[in-house]
Amino acid sequence: MQRKAQQTTREVTRQKSMWSARHFSQHVQRDGDHRSPFQRDKARILHSAAFRRLQAKTQVLGVGMSDFYRTRLTHSLEASQIGQGIAAQLRQKHPELTETLGLNDTLIEALCLAHDIGHPPFGHGGEVALHYMMRDHGGFEGNGQTFRIVTQLEPYTPANGMNLSRRTLLGLVKYPNFIPSLTNIKPSEIERDLSHRNVKAADWVPPKGLYECDKNMFDWLMAPLSQEDQTLFGQILNSPSEQRHHKTKYKSFDCSIMELADDIAYGIHDLEDAIVMGIVNLQQFEAQIVEPIEALSDTWLAGHISMLAKKLFSQHHHERKDAIGALVNSFITHIDITLTDPAYQNELLKYNAVFLTEYEQALSIFKQFVFRQVIRKPEIQMLEYKGQQVVMGLFEAFASDPERLLPENTRQRWLKAHSNNNGMRIISDYIAGMTDEFASRLYANLFIPKSGASPDSLGI
């Protein structure tokens with residue numbers, strides 16, 4: 001009995017060591033530093049340039065339209081708070097299972113803070129633009145770029161990015177397969193070589209996945225898993241339509257919590273911006289959210305959504321805040337843990353956090369409302385289209401003569417990557433890291449002549 005207990009203890013210790021491992025062994029001596037690996041990871045994310053740049057990147061509404069609504073940075077902070085709330089709920093409901101899984105609030109916070117750092121300027125317009133420009137060079141996708149930033153680009157280490165612990169990296173991989181394997185929308189040859197102004201965004205939405213050039217780092221991440229688990233984790237759900245890409249099927253337990261927090265922040269908090277700016281009204285909300293949710297089932301949300309709607313559109317700010325808090329709480333408290341596939345050997349892959357069915361349907365109604373009434377609004381799409389043109393113009397300029405136009409440190413990285421036939425990825429990295437404002441000013445410097453009274457701004 002004692003021997004079995006000792007073996008169990010050794011296995012737990014081995015598992016912890018395996019998932020707290022870092023790709024690059026650093027020997028940093030800091031007197032009195034007793035932080036856990038996840039506390040270190042959170043600090044590296046929080047103090048990174050990539051995280052700071054989120055303050056000037058579009059979330060839903062364009063940066064600069066108002067000083068009230070959310071940027072990618074404030075969205076990530078809200079997702080982080082929600083993620084911690086989910087963790088607290090799950091720990092209350094499943095104390096033994098969450099203990100076995102090693103549910104860690106700081107880890108969840110770190111994942112939520114980092115989940116959007118790969119997104120380019122100008123929201124989905126910038127993402128479509130970079131994917132189009134990288135169509136023959138491995139593609140572009142925001143989540144794949146996040147993985148690339150934390151494992152290679154952010155200069156916390158010479159060549160290993162933030163050098164985060166393995167479990168944190170696992171939690172950031174929302175789509176564990178590669179873009180070429182997931183690509184299903186195949187525009188015609190004519191569409192591949194269109195003028196930038198004629199590129200149709202719907203034809204160049206990227207599949208959600210990783211870059212093949214980052215496979216070595218992904219292989220390191222997967223190394224502790226059995227071959228059976230690796231194969232199962234990378235499974236793809238084939239799309240039944242040629243209008244949609246294939247999708248990955250699984251994600252880790254920690255990642256599932258982060259994704260739920262992201263969805264709640266998007267569906268509820270981002271809605272608040274649209275209400276305050278008058279983009280949506282009470283009549284639209286009642287017809288497209290209140291009535292469908294009331295028809296769902298006899299849940300707390302169905303019974304209170306009509307009252308919450310009136311508070312959301314109240315002239316009193318505190319009432320709107322109370323309604324937002326109640327909505328967020330209703331979703332957080334209706335999350336549970338489910339088995340993903342009993343074939344998994346590793347428990348971090350075997351379990352996911354999920355909404356109860358009625359609440360999953362309800363949040364989908366909220367998200368669809370934001371998409372239809374806000375994101376697809378012509379005024380918002382015009383801003384996305386404009387950003388799309390800026391990004392494609394910048395890419396075309398830098399790709400035309402990288403040695404001449406790229407900044408010195410980026411040029412050196414381009415020269416090294418170019419020798420391995422991967423130079424375009426460096427140009428993509430450079431543009432993806434820009435804020436909306438930086439990209440706009442750089443575009444103006446490159447393409448818009450200035451008068452003598454308004455000279456070009458150098459050293460931006």
# chains A, B, ... in the order shown; residues from 1 in each chain; ligands from 1
$ select_by_dssp --residues "range 198-380 of chain A" --states "alpha helix (DSSP H)" --output "count of residues only"
92
$ residues_around --residues "Leu308 in chain A" --least-positions-apart "3" --cutoff "12 Å" --atoms "only C-alpha atoms" --output "PyMOL selection string"
chain A and resi 282+285-286+289-290+300-305+311-314+319-328+330
$ atom_distance --atom1 "CA of Thr248 in chain A" --atom2 "CA of Tyr175 in chain A"
5.6 Å
$ residues_around --residues "Gln389 in chain A" --least-positions-apart "6" --cutoff "10 Å" --atoms "only C-alpha atoms" --output "MDAnalysis selection string"
chainID A and resid 125:126 129 196:197 199 383 395 443
$ closest_atom_pairs --of "range 376-456 of chain A" --to "range 204-227 of chain A" --cutoff "12 Å" --atoms "only C-alpha atoms" --output "JSON lines"
{"residue": "A:Gln388", "atom": "CA", "partner": "A:Trp204", "partner_atom": "CA", "distance": 11.4}
{"residue": "A:Ala417", "atom": "CA", "partner": "A:Cys213", "partner_atom": "CA", "distance": 10.7}
{"residue": "A:Asn420", "atom": "CA", "partner": "A:Cys213", "partner_atom": "CA", "distance": 10.5}
{"residue": "A:Asn421", "atom": "CA", "partner": "A:Cys213", "partner_atom": "CA", "distance": 10.6}
{"residue": "A:Asn422", "atom": "CA", "partner": "A:Cys213", "partner_atom": "CA", "distance": 8.3}
{"residue": "A:Gly423", "atom": "CA", "partner": "A:Cys213", "partner_atom": "CA", "distance": 11.4}
{"residue": "A:Met424", "atom": "CA", "partner": "A:Cys213", "partner_atom": "CA", "distance": 11.6}
{"residue": "A:Arg425", "atom": "CA", "partner": "A:Cys213", "partner_atom": "CA", "distance": 9.0}
{"residue": "A:Ile426", "atom": "CA", "partner": "A:Cys213", "partner_atom": "CA", "distance": 11.5}
$ residues_around --residues "Met134 in chain A" --least-positions-apart "4" --cutoff "8 Å" --atoms "only C-alpha atoms" --output "VMD selection string"
chain A and resid 130 138 to 140 424 to 425 428
$ write_last_selection --atoms "C-alpha atoms" --output "PDB file, in the first residue's frame"
ATOM      1  CA  LEU A 130      -2.384  39.039 -44.224  1.00  0.00           C
ATOM      2  CA  GLY A 138       1.790  29.283 -45.344  1.00  0.00           C
ATOM      3  CA  GLY A 139      -1.116  31.653 -44.657  1.00  0.00           C
ATOM      4  CA  PHE A 140      -1.864  33.820 -41.632  1.00  0.00           C
ATOM      5  CA  MET A 424       7.632  36.450 -46.233  1.00  0.00           C
ATOM      6  CA  ARG A 425       6.802  35.152 -42.765  1.00  0.00           C
ATOM      7  CA  SER A 428       3.944  39.117 -41.956  1.00  0.00           C
TER       8      SER A 428
END
$ residues_around --residues "Ala353 in chain A" --least-positions-apart "5" --cutoff "12 Å" --atoms "only C-alpha atoms" --output "ChimeraX atom specification"
/A:83,86-87,89-91,93-94,97-98,101,103,250-261,332-340,348,360
$ select_by_dssp --residues "range 81-262 of chain A" --states "strand (DSSP E or B)" --output "JSON, numbers by chain"
{"A": [178, 210, 236, 237, 247, 248]}
$ write_last_selection --atoms "all heavy atoms" --output "short mmCIF file (atom, residue, chain, number, x, y, z; two decimals), in the first residue's frame"
data_model
loop_
_atom_site.label_atom_id
_atom_site.label_comp_id
_atom_site.auth_asym_id
_atom_site.auth_seq_id
_atom_site.Cartn_x
_atom_site.Cartn_y
_atom_site.Cartn_z
N PHE A 178 -2.48 22.15 -38.48
CA PHE A 178 -1.80 23.16 -39.30
C PHE A 178 -2.67 23.67 -40.44
O PHE A 178 -3.51 22.95 -40.98
CB PHE A 178 -0.48 22.58 -39.83
CG PHE A 178 0.45 22.17 -38.73
CD1 PHE A 178 0.48 20.86 -38.27
CD2 PHE A 178 1.26 23.10 -38.12
CE1 PHE A 178 1.31 20.49 -37.23
CE2 PHE A 178 2.10 22.75 -37.07
CZ PHE A 178 2.13 21.43 -36.63
N LEU A 210 -2.32 26.38 -36.84
CA LEU A 210 -0.92 26.78 -36.65
C LEU A 210 -0.19 26.83 -37.99
O LEU A 210 -0.65 26.30 -38.99
CB LEU A 210 -0.23 25.78 -35.72
CG LEU A 210 -0.87 25.58 -34.34
CD1 LEU A 210 -0.21 24.41 -33.63
CD2 LEU A 210 -0.77 26.84 -33.51
N ILE A 236 -9.30 16.20 -37.20
CA ILE A 236 -9.96 17.28 -37.93
C ILE A 236 -11.39 16.90 -38.24
O ILE A 236 -11.67 15.75 -38.62
CB ILE A 236 -9.19 17.57 -39.24
CG1 ILE A 236 -7.82 18.18 -38.93
CG2 ILE A 236 -9.99 18.50 -40.15
CD1 ILE A 236 -6.94 18.35 -40.15
N LEU A 237 -12.30 17.87 -38.07
CA LEU A 237 -13.68 17.70 -38.50
C LEU A 237 -13.81 18.29 -39.90
O LEU A 237 -13.67 19.51 -40.08
CB LEU A 237 -14.63 18.44 -37.54
CG LEU A 237 -14.78 17.86 -36.14
CD1 LEU A 237 -15.59 18.81 -35.26
CD2 LEU A 237 -15.47 16.50 -36.19
N LYS A 247 -12.18 22.09 -39.42
CA LYS A 247 -11.92 22.55 -38.06
C LYS A 247 -11.24 21.46 -37.24
O LYS A 247 -11.39 20.27 -37.53
CB LYS A 247 -13.24 22.93 -37.36
CG LYS A 247 -13.97 24.10 -37.97
CD LYS A 247 -15.24 24.39 -37.19
CE LYS A 247 -15.98 25.59 -37.77
NZ LYS A 247 -17.23 25.86 -37.00
N THR A 248 -10.51 21.90 -36.23
CA THR A 248 -9.98 20.93 -35.27
C THR A 248 -11.09 20.53 -34.31
O THR A 248 -12.10 21.24 -34.16
CB THR A 248 -8.80 21.51 -34.48
OG1 THR A 248 -9.21 22.73 -33.85
CG2 THR A 248 -7.61 21.78 -35.40
#
$ residues_around --residues "Gln361 in chain A" --least-positions-apart "5" --cutoff "9 Å" --atoms "only C-alpha atoms" --output "VMD selection string"
chain A and resid 293 296 355 to 356 366
$ write_last_selection --atoms "N, CA and C atoms" --output "mmCIF file, in the first residue's frame"
data_model
loop_
_atom_site.group_PDB
_atom_site.id
_atom_site.type_symbol
_atom_site.label_atom_id
_atom_site.label_comp_id
_atom_site.auth_asym_id
_atom_site.auth_seq_id
_atom_site.Cartn_x
_atom_site.Cartn_y
_atom_site.Cartn_z
ATOM 1 N N ILE A 293 -34.577 33.727 -26.532
ATOM 2 C CA ILE A 293 -34.117 33.146 -25.265
ATOM 3 C C ILE A 293 -35.306 32.721 -24.411
ATOM 4 N N LEU A 296 -36.428 29.345 -25.337
ATOM 5 C CA LEU A 296 -35.487 28.233 -25.184
ATOM 6 C C LEU A 296 -35.954 27.203 -24.165
ATOM 7 N N PHE A 355 -20.563 24.902 -21.485
ATOM 8 C CA PHE A 355 -21.836 25.457 -21.043
ATOM 9 C C PHE A 355 -22.887 24.346 -20.957
ATOM 10 N N LEU A 356 -23.833 24.494 -20.044
ATOM 11 C CA LEU A 356 -25.029 23.677 -20.123
ATOM 12 C C LEU A 356 -25.761 24.033 -21.416
ATOM 13 N N PHE A 366 -26.679 35.688 -28.389
ATOM 14 C CA PHE A 366 -26.004 36.967 -28.134
ATOM 15 C C PHE A 366 -24.908 37.230 -29.166
#
$ residues_around --residues "Ser440 in chain A" --least-positions-apart "3" --cutoff "12 Å" --atoms "only C-alpha atoms" --output "PDB file with all heavy atoms, in the first residue's frame"
ATOM      1  N   ALA A  56      -4.035  49.443 -28.506  1.00  0.00           N
ATOM      2  CA  ALA A  56      -4.283  50.237 -29.712  1.00  0.00           C
ATOM      3  C   ALA A  56      -4.651  49.352 -30.895  1.00  0.00           C
ATOM      4  O   ALA A  56      -4.357  49.682 -32.047  1.00  0.00           O
ATOM      5  CB  ALA A  56      -3.051  51.085 -30.047  1.00  0.00           C
ATOM      6  N   LYS A  57      -5.285  48.205 -30.597  1.00  0.00           N
ATOM      7  CA  LYS A  57      -5.771  47.327 -31.660  1.00  0.00           C
ATOM      8  C   LYS A  57      -7.283  47.181 -31.552  1.00  0.00           C
ATOM      9  O   LYS A  57      -7.834  47.079 -30.454  1.00  0.00           O
ATOM     10  CB  LYS A  57      -5.107  45.947 -31.593  1.00  0.00           C
ATOM     11  CG  LYS A  57      -3.639  45.959 -32.007  1.00  0.00           C
ATOM     12  CD  LYS A  57      -3.097  44.560 -32.193  1.00  0.00           C
ATOM     13  CE  LYS A  57      -1.639  44.591 -32.648  1.00  0.00           C
ATOM     14  NZ  LYS A  57      -1.142  43.247 -33.008  1.00  0.00           N
ATOM     15  N   VAL A  63     -10.515  51.583 -33.295  1.00  0.00           N
ATOM     16  CA  VAL A  63      -9.813  52.416 -32.327  1.00  0.00           C
ATOM     17  C   VAL A  63      -9.917  53.872 -32.773  1.00  0.00           C
ATOM     18  O   VAL A  63      -9.673  54.197 -33.924  1.00  0.00           O
ATOM     19  CB  VAL A  63      -8.333  51.994 -32.220  1.00  0.00           C
ATOM     20  CG1 VAL A  63      -7.554  52.984 -31.373  1.00  0.00           C
ATOM     21  CG2 VAL A  63      -8.228  50.593 -31.635  1.00  0.00           C
ATOM     22  N   PRO A 121      -3.398  44.389 -36.737  1.00  0.00           N
ATOM     23  CA  PRO A 121      -4.181  45.629 -36.708  1.00  0.00           C
ATOM     24  C   PRO A 121      -5.455  45.493 -37.535  1.00  0.00           C
ATOM     25  O   PRO A 121      -5.541  44.662 -38.435  1.00  0.00           O
ATOM     26  CB  PRO A 121      -3.229  46.659 -37.315  1.00  0.00           C
ATOM     27  CG  PRO A 121      -2.254  45.868 -38.130  1.00  0.00           C
ATOM     28  CD  PRO A 121      -2.101  44.559 -37.401  1.00  0.00           C
ATOM     29  N   PHE A 122      -6.448  46.296 -37.197  1.00  0.00           N
ATOM     30  CA  PHE A 122      -7.716  46.403 -37.932  1.00  0.00           C
ATOM     31  C   PHE A 122      -8.564  45.127 -37.888  1.00  0.00           C
ATOM     32  O   PHE A 122      -9.289  44.813 -38.832  1.00  0.00           O
ATOM     33  CB  PHE A 122      -7.468  46.814 -39.395  1.00  0.00           C
ATOM     34  CG  PHE A 122      -6.624  48.039 -39.533  1.00  0.00           C
ATOM     35  CD1 PHE A 122      -5.340  47.963 -40.057  1.00  0.00           C
ATOM     36  CD2 PHE A 122      -7.099  49.277 -39.126  1.00  0.00           C
ATOM     37  CE1 PHE A 122      -4.549  49.099 -40.185  1.00  0.00           C
ATOM     38  CE2 PHE A 122      -6.309  50.417 -39.239  1.00  0.00           C
ATOM     39  CZ  PHE A 122      -5.023  50.331 -39.766  1.00  0.00           C
ATOM     40  N   GLY A 126      -7.588  43.072 -41.069  1.00  0.00           N
ATOM     41  CA  GLY A 126      -6.147  42.848 -41.114  1.00  0.00           C
ATOM     42  C   GLY A 126      -5.794  41.391 -41.239  1.00  0.00           C
ATOM     43  O   GLY A 126      -4.828  41.015 -41.917  1.00  0.00           O
ATOM     44  N   LYS A 386     -11.062  49.314 -45.115  1.00  0.00           N
ATOM     45  CA  LYS A 386      -9.976  50.308 -45.169  1.00  0.00           C
ATOM     46  C   LYS A 386      -8.709  49.743 -44.532  1.00  0.00           C
ATOM     47  O   LYS A 386      -7.609  49.857 -45.088  1.00  0.00           O
ATOM     48  CB  LYS A 386     -10.417  51.575 -44.447  1.00  0.00           C
ATOM     49  CG  LYS A 386      -9.395  52.711 -44.485  1.00  0.00           C
ATOM     50  CD  LYS A 386      -9.950  53.934 -43.762  1.00  0.00           C
ATOM     51  CE  LYS A 386      -8.940  55.075 -43.778  1.00  0.00           C
ATOM     52  NZ  LYS A 386      -9.469  56.269 -43.059  1.00  0.00           N
ATOM     53  N   GLY A 387      -8.864  49.109 -43.356  1.00  0.00           N
ATOM     54  CA  GLY A 387      -7.709  48.490 -42.704  1.00  0.00           C
ATOM     55  C   GLY A 387      -7.111  47.385 -43.551  1.00  0.00           C
ATOM     56  O   GLY A 387      -5.886  47.208 -43.605  1.00  0.00           O
ATOM     57  N   GLN A 388      -7.971  46.634 -44.212  1.00  0.00           N
ATOM     58  CA  GLN A 388      -7.525  45.570 -45.115  1.00  0.00           C
ATOM     59  C   GLN A 388      -6.625  46.133 -46.207  1.00  0.00           C
ATOM     60  O   GLN A 388      -5.571  45.570 -46.525  1.00  0.00           O
ATOM     61  CB  GLN A 388      -8.777  44.929 -45.724  1.00  0.00           C
ATOM     62  CG  GLN A 388      -8.571  43.727 -46.611  1.00  0.00           C
ATOM     63  CD  GLN A 388      -9.919  43.188 -47.097  1.00  0.00           C
ATOM     64  OE1 GLN A 388     -10.848  43.018 -46.305  1.00  0.00           O
ATOM     65  NE2 GLN A 388     -10.037  42.949 -48.394  1.00  0.00           N
ATOM     66  N   GLN A 389      -7.027  47.273 -46.777  1.00  0.00           N
ATOM     67  CA  GLN A 389      -6.231  47.898 -47.828  1.00  0.00           C
ATOM     68  C   GLN A 389      -4.885  48.400 -47.301  1.00  0.00           C
ATOM     69  O   GLN A 389      -3.854  48.280 -47.963  1.00  0.00           O
ATOM     70  CB  GLN A 389      -7.004  49.068 -48.456  1.00  0.00           C
ATOM     71  CG  GLN A 389      -8.342  48.692 -49.066  1.00  0.00           C
ATOM     72  CD  GLN A 389      -8.227  47.538 -50.037  1.00  0.00           C
ATOM     73  OE1 GLN A 389      -7.417  47.564 -50.975  1.00  0.00           O
ATOM     74  NE2 GLN A 389      -9.029  46.500 -49.817  1.00  0.00           N
ATOM     75  N   VAL A 390      -4.900  48.962 -46.089  1.00  0.00           N
ATOM     76  CA  VAL A 390      -3.658  49.453 -45.485  1.00  0.00           C
ATOM     77  C   VAL A 390      -2.668  48.306 -45.310  1.00  0.00           C
ATOM     78  O   VAL A 390      -1.492  48.406 -45.677  1.00  0.00           O
ATOM     79  CB  VAL A 390      -3.951  50.135 -44.125  1.00  0.00           C
ATOM     80  CG1 VAL A 390      -2.647  50.384 -43.352  1.00  0.00           C
ATOM     81  CG2 VAL A 390      -4.703  51.442 -44.332  1.00  0.00           C
ATOM     82  N   VAL A 391      -3.145  47.189 -44.755  1.00  0.00           N
ATOM     83  CA  VAL A 391      -2.265  46.046 -44.480  1.00  0.00           C
ATOM     84  C   VAL A 391      -1.714  45.459 -45.779  1.00  0.00           C
ATOM     85  O   VAL A 391      -0.512  45.166 -45.885  1.00  0.00           O
ATOM     86  CB  VAL A 391      -3.011  44.973 -43.654  1.00  0.00           C
ATOM     87  CG1 VAL A 391      -2.210  43.669 -43.601  1.00  0.00           C
ATOM     88  CG2 VAL A 391      -3.272  45.487 -42.242  1.00  0.00           C
ATOM     89  N   MET A 392      -2.563  45.295 -46.796  1.00  0.00           N
ATOM     90  CA  MET A 392      -2.089  44.735 -48.064  1.00  0.00           C
ATOM     91  C   MET A 392      -1.110  45.677 -48.749  1.00  0.00           C
ATOM     92  O   MET A 392      -0.115  45.239 -49.343  1.00  0.00           O
ATOM     93  CB  MET A 392      -3.274  44.412 -48.977  1.00  0.00           C
ATOM     94  CG  MET A 392      -4.077  43.213 -48.502  1.00  0.00           C
ATOM     95  SD  MET A 392      -5.274  42.570 -49.701  1.00  0.00           S
ATOM     96  CE  MET A 392      -6.482  43.874 -49.675  1.00  0.00           C
ATOM     97  N   GLY A 393      -1.360  46.991 -48.642  1.00  0.00           N
ATOM     98  CA  GLY A 393      -0.441  47.952 -49.228  1.00  0.00           C
ATOM     99  C   GLY A 393       0.924  47.912 -48.567  1.00  0.00           C
ATOM    100  O   GLY A 393       1.967  47.955 -49.242  1.00  0.00           O
ATOM    101  N   LEU A 394       0.939  47.834 -47.238  1.00  0.00           N
ATOM    102  CA  LEU A 394       2.207  47.751 -46.512  1.00  0.00           C
ATOM    103  C   LEU A 394       2.962  46.476 -46.873  1.00  0.00           C
ATOM    104  O   LEU A 394       4.178  46.498 -47.096  1.00  0.00           O
ATOM    105  CB  LEU A 394       1.950  47.794 -44.999  1.00  0.00           C
ATOM    106  CG  LEU A 394       1.490  49.123 -44.406  1.00  0.00           C
ATOM    107  CD1 LEU A 394       1.160  48.948 -42.923  1.00  0.00           C
ATOM    108  CD2 LEU A 394       2.546  50.202 -44.589  1.00  0.00           C
ATOM    109  N   ILE A 431       4.231  43.238 -39.751  1.00  0.00           N
ATOM    110  CA  ILE A 431       2.976  43.970 -39.925  1.00  0.00           C
ATOM    111  C   ILE A 431       1.936  43.536 -38.888  1.00  0.00           C
ATOM    112  O   ILE A 431       1.207  44.357 -38.342  1.00  0.00           O
ATOM    113  CB  ILE A 431       2.437  43.780 -41.354  1.00  0.00           C
ATOM    114  CG1 ILE A 431       3.419  44.392 -42.356  1.00  0.00           C
ATOM    115  CG2 ILE A 431       1.059  44.414 -41.512  1.00  0.00           C
ATOM    116  CD1 ILE A 431       3.085  44.124 -43.809  1.00  0.00           C
ATOM    117  N   MET A 434       1.949  45.415 -35.590  1.00  0.00           N
ATOM    118  CA  MET A 434       1.659  46.850 -35.565  1.00  0.00           C
ATOM    119  C   MET A 434       0.306  47.132 -34.913  1.00  0.00           C
ATOM    120  O   MET A 434      -0.618  46.337 -34.989  1.00  0.00           O
ATOM    121  CB  MET A 434       1.633  47.412 -36.996  1.00  0.00           C
ATOM    122  CG  MET A 434       2.956  47.350 -37.726  1.00  0.00           C
ATOM    123  SD  MET A 434       2.784  47.980 -39.424  1.00  0.00           S
ATOM    124  CE  MET A 434       4.457  47.697 -40.037  1.00  0.00           C
ATOM    125  N   THR A 435       0.207  48.294 -34.287  1.00  0.00           N
ATOM    126  CA  THR A 435      -1.089  48.781 -33.839  1.00  0.00           C
ATOM    127  C   THR A 435      -1.805  49.426 -35.025  1.00  0.00           C
ATOM    128  O   THR A 435      -1.197  49.706 -36.061  1.00  0.00           O
ATOM    129  CB  THR A 435      -0.936  49.828 -32.720  1.00  0.00           C
ATOM    130  OG1 THR A 435      -0.234  50.965 -33.251  1.00  0.00           O
ATOM    131  CG2 THR A 435      -0.174  49.255 -31.539  1.00  0.00           C
ATOM    132  N   ASP A 436      -3.101  49.686 -34.861  1.00  0.00           N
ATOM    133  CA  ASP A 436      -3.862  50.340 -35.933  1.00  0.00           C
ATOM    134  C   ASP A 436      -3.226  51.678 -36.304  1.00  0.00           C
ATOM    135  O   ASP A 436      -3.061  52.005 -37.487  1.00  0.00           O
ATOM    136  CB  ASP A 436      -5.308  50.580 -35.486  1.00  0.00           C
ATOM    137  CG  ASP A 436      -6.086  49.285 -35.229  1.00  0.00           C
ATOM    138  OD1 ASP A 436      -5.452  48.229 -35.093  1.00  0.00           O
ATOM    139  OD2 ASP A 436      -7.319  49.361 -35.171  1.00  0.00           O
ATOM    140  N   GLU A 437      -2.900  52.465 -35.301  1.00  0.00           N
ATOM    141  CA  GLU A 437      -2.371  53.816 -35.548  1.00  0.00           C
ATOM    142  C   GLU A 437      -1.004  53.762 -36.210  1.00  0.00           C
ATOM    143  O   GLU A 437      -0.717  54.511 -37.145  1.00  0.00           O
ATOM    144  CB  GLU A 437      -2.293  54.582 -34.218  1.00  0.00           C
ATOM    145  CG  GLU A 437      -1.639  55.959 -34.309  1.00  0.00           C
ATOM    146  CD  GLU A 437      -2.415  56.936 -35.187  1.00  0.00           C
ATOM    147  OE1 GLU A 437      -3.622  56.722 -35.405  1.00  0.00           O
ATOM    148  OE2 GLU A 437      -1.792  57.912 -35.664  1.00  0.00           O
ATOM    149  N   TYR A 443       1.606  53.721 -43.449  1.00  0.00           N
ATOM    150  CA  TYR A 443       0.995  53.720 -44.779  1.00  0.00           C
ATOM    151  C   TYR A 443       0.998  55.133 -45.359  1.00  0.00           C
ATOM    152  O   TYR A 443       1.340  55.342 -46.533  1.00  0.00           O
ATOM    153  CB  TYR A 443      -0.429  53.186 -44.681  1.00  0.00           C
ATOM    154  CG  TYR A 443      -1.142  53.073 -46.009  1.00  0.00           C
ATOM    155  CD1 TYR A 443      -1.072  51.893 -46.754  1.00  0.00           C
ATOM    156  CD2 TYR A 443      -1.876  54.133 -46.527  1.00  0.00           C
ATOM    157  CE1 TYR A 443      -1.729  51.772 -47.973  1.00  0.00           C
ATOM    158  CE2 TYR A 443      -2.527  54.035 -47.749  1.00  0.00           C
ATOM    159  CZ  TYR A 443      -2.451  52.848 -48.465  1.00  0.00           C
ATOM    160  OH  TYR A 443      -3.090  52.743 -49.674  1.00  0.00           O
ATOM    161  N   ALA A 444       0.635  56.111 -44.535  1.00  0.00           N
ATOM    162  CA  ALA A 444       0.617  57.505 -44.998  1.00  0.00           C
ATOM    163  C   ALA A 444       2.017  57.957 -45.397  1.00  0.00           C
ATOM    164  O   ALA A 444       2.202  58.643 -46.410  1.00  0.00           O
ATOM    165  CB  ALA A 444       0.048  58.409 -43.905  1.00  0.00           C
ATOM    166  N   ASN A 445       3.018  57.572 -44.621  1.00  0.00           N
ATOM    167  CA  ASN A 445       4.403  57.955 -44.948  1.00  0.00           C
ATOM    168  C   ASN A 445       4.862  57.345 -46.270  1.00  0.00           C
ATOM    169  O   ASN A 445       5.602  57.974 -47.034  1.00  0.00           O
ATOM    170  CB  ASN A 445       5.350  57.504 -43.832  1.00  0.00           C
ATOM    171  CG  ASN A 445       5.499  58.554 -42.756  1.00  0.00           C
ATOM    172  OD1 ASN A 445       4.858  59.599 -42.798  1.00  0.00           O
ATOM    173  ND2 ASN A 445       6.333  58.274 -41.772  1.00  0.00           N
ATOM    174  N   LEU A 446       4.421  56.114 -46.524  1.00  0.00           N
ATOM    175  CA  LEU A 446       4.864  55.422 -47.731  1.00  0.00           C
ATOM    176  C   LEU A 446       4.136  55.885 -48.989  1.00  0.00           C
ATOM    177  O   LEU A 446       4.727  55.944 -50.069  1.00  0.00           O
ATOM    178  CB  LEU A 446       4.656  53.910 -47.565  1.00  0.00           C
ATOM    179  CG  LEU A 446       5.725  53.146 -46.803  1.00  0.00           C
ATOM    180  CD1 LEU A 446       5.242  51.737 -46.482  1.00  0.00           C
ATOM    181  CD2 LEU A 446       7.017  53.090 -47.599  1.00  0.00           C
ATOM    182  N   PHE A 447       2.842  56.200 -48.866  1.00  0.00           N
ATOM    183  CA  PHE A 447       2.028  56.364 -50.071  1.00  0.00           C
ATOM    184  C   PHE A 447       1.356  57.725 -50.248  1.00  0.00           C
ATOM    185  O   PHE A 447       0.882  58.020 -51.341  1.00  0.00           O
ATOM    186  CB  PHE A 447       0.926  55.288 -50.094  1.00  0.00           C
ATOM    187  CG  PHE A 447       1.455  53.898 -50.121  1.00  0.00           C
ATOM    188  CD1 PHE A 447       1.280  53.041 -49.044  1.00  0.00           C
ATOM    189  CD2 PHE A 447       2.146  53.424 -51.227  1.00  0.00           C
ATOM    190  CE1 PHE A 447       1.769  51.745 -49.075  1.00  0.00           C
ATOM    191  CE2 PHE A 447       2.643  52.125 -51.268  1.00  0.00           C
ATOM    192  CZ  PHE A 447       2.450  51.287 -50.189  1.00  0.00           C
ATOM    193  N   ILE A 448       1.307  58.541 -49.204  1.00  0.00           N
ATOM    194  CA  ILE A 448       0.587  59.804 -49.324  1.00  0.00           C
ATOM    195  C   ILE A 448       1.575  60.965 -49.274  1.00  0.00           C
ATOM    196  O   ILE A 448       2.224  61.173 -48.237  1.00  0.00           O
ATOM    197  CB  ILE A 448      -0.459  59.947 -48.199  1.00  0.00           C
ATOM    198  CG1 ILE A 448      -1.449  58.779 -48.267  1.00  0.00           C
ATOM    199  CG2 ILE A 448      -1.191  61.291 -48.306  1.00  0.00           C
ATOM    200  CD1 ILE A 448      -2.459  58.748 -47.145  1.00  0.00           C
ATOM    201  N   ILE A 460       9.137  56.861 -36.757  1.00  0.00           N
ATOM    202  CA  ILE A 460       7.889  56.588 -36.056  1.00  0.00           C
ATOM    203  C   ILE A 460       7.941  55.237 -35.369  1.00  0.00           C
ATOM    204  O   ILE A 460       8.700  54.376 -35.730  1.00  0.00           O
ATOM    205  CB  ILE A 460       6.687  56.630 -37.016  1.00  0.00           C
ATOM    206  CG1 ILE A 460       6.874  55.616 -38.152  1.00  0.00           C
ATOM    207  CG2 ILE A 460       6.464  58.005 -37.557  1.00  0.00           C
ATOM    208  CD1 ILE A 460       5.688  55.524 -39.078  1.00  0.00           C
TER     209      ILE A 460
END
$ atom_distance --atom1 "CA of Thr146 in chain A" --atom2 "CA of Asn177 in chain A"
14.2 Å
$ closest_residue --among "A:Ala362, A:Ser400, A:Asp41, A:Arg135" --to "Asp193 in chain A" --atoms "only C-alpha atoms"
A:Arg135
$ atom_distance --atom1 "CA of Gln283 in chain A" --atom2 "CA of Gly267 in chain A"
18.2 Å
$ closest_residue --among "A:His23, A:Phe233, A:Arg70, A:Asp270" --to "Asn160 in chain A" --atoms "only C-alpha atoms"
A:His23
$ closest_residue --among "A:Gly171, A:Ala399, A:Asp136, A:Tyr385" --to "Asn198 in chain A" --atoms "only C-alpha atoms"
A:Tyr385
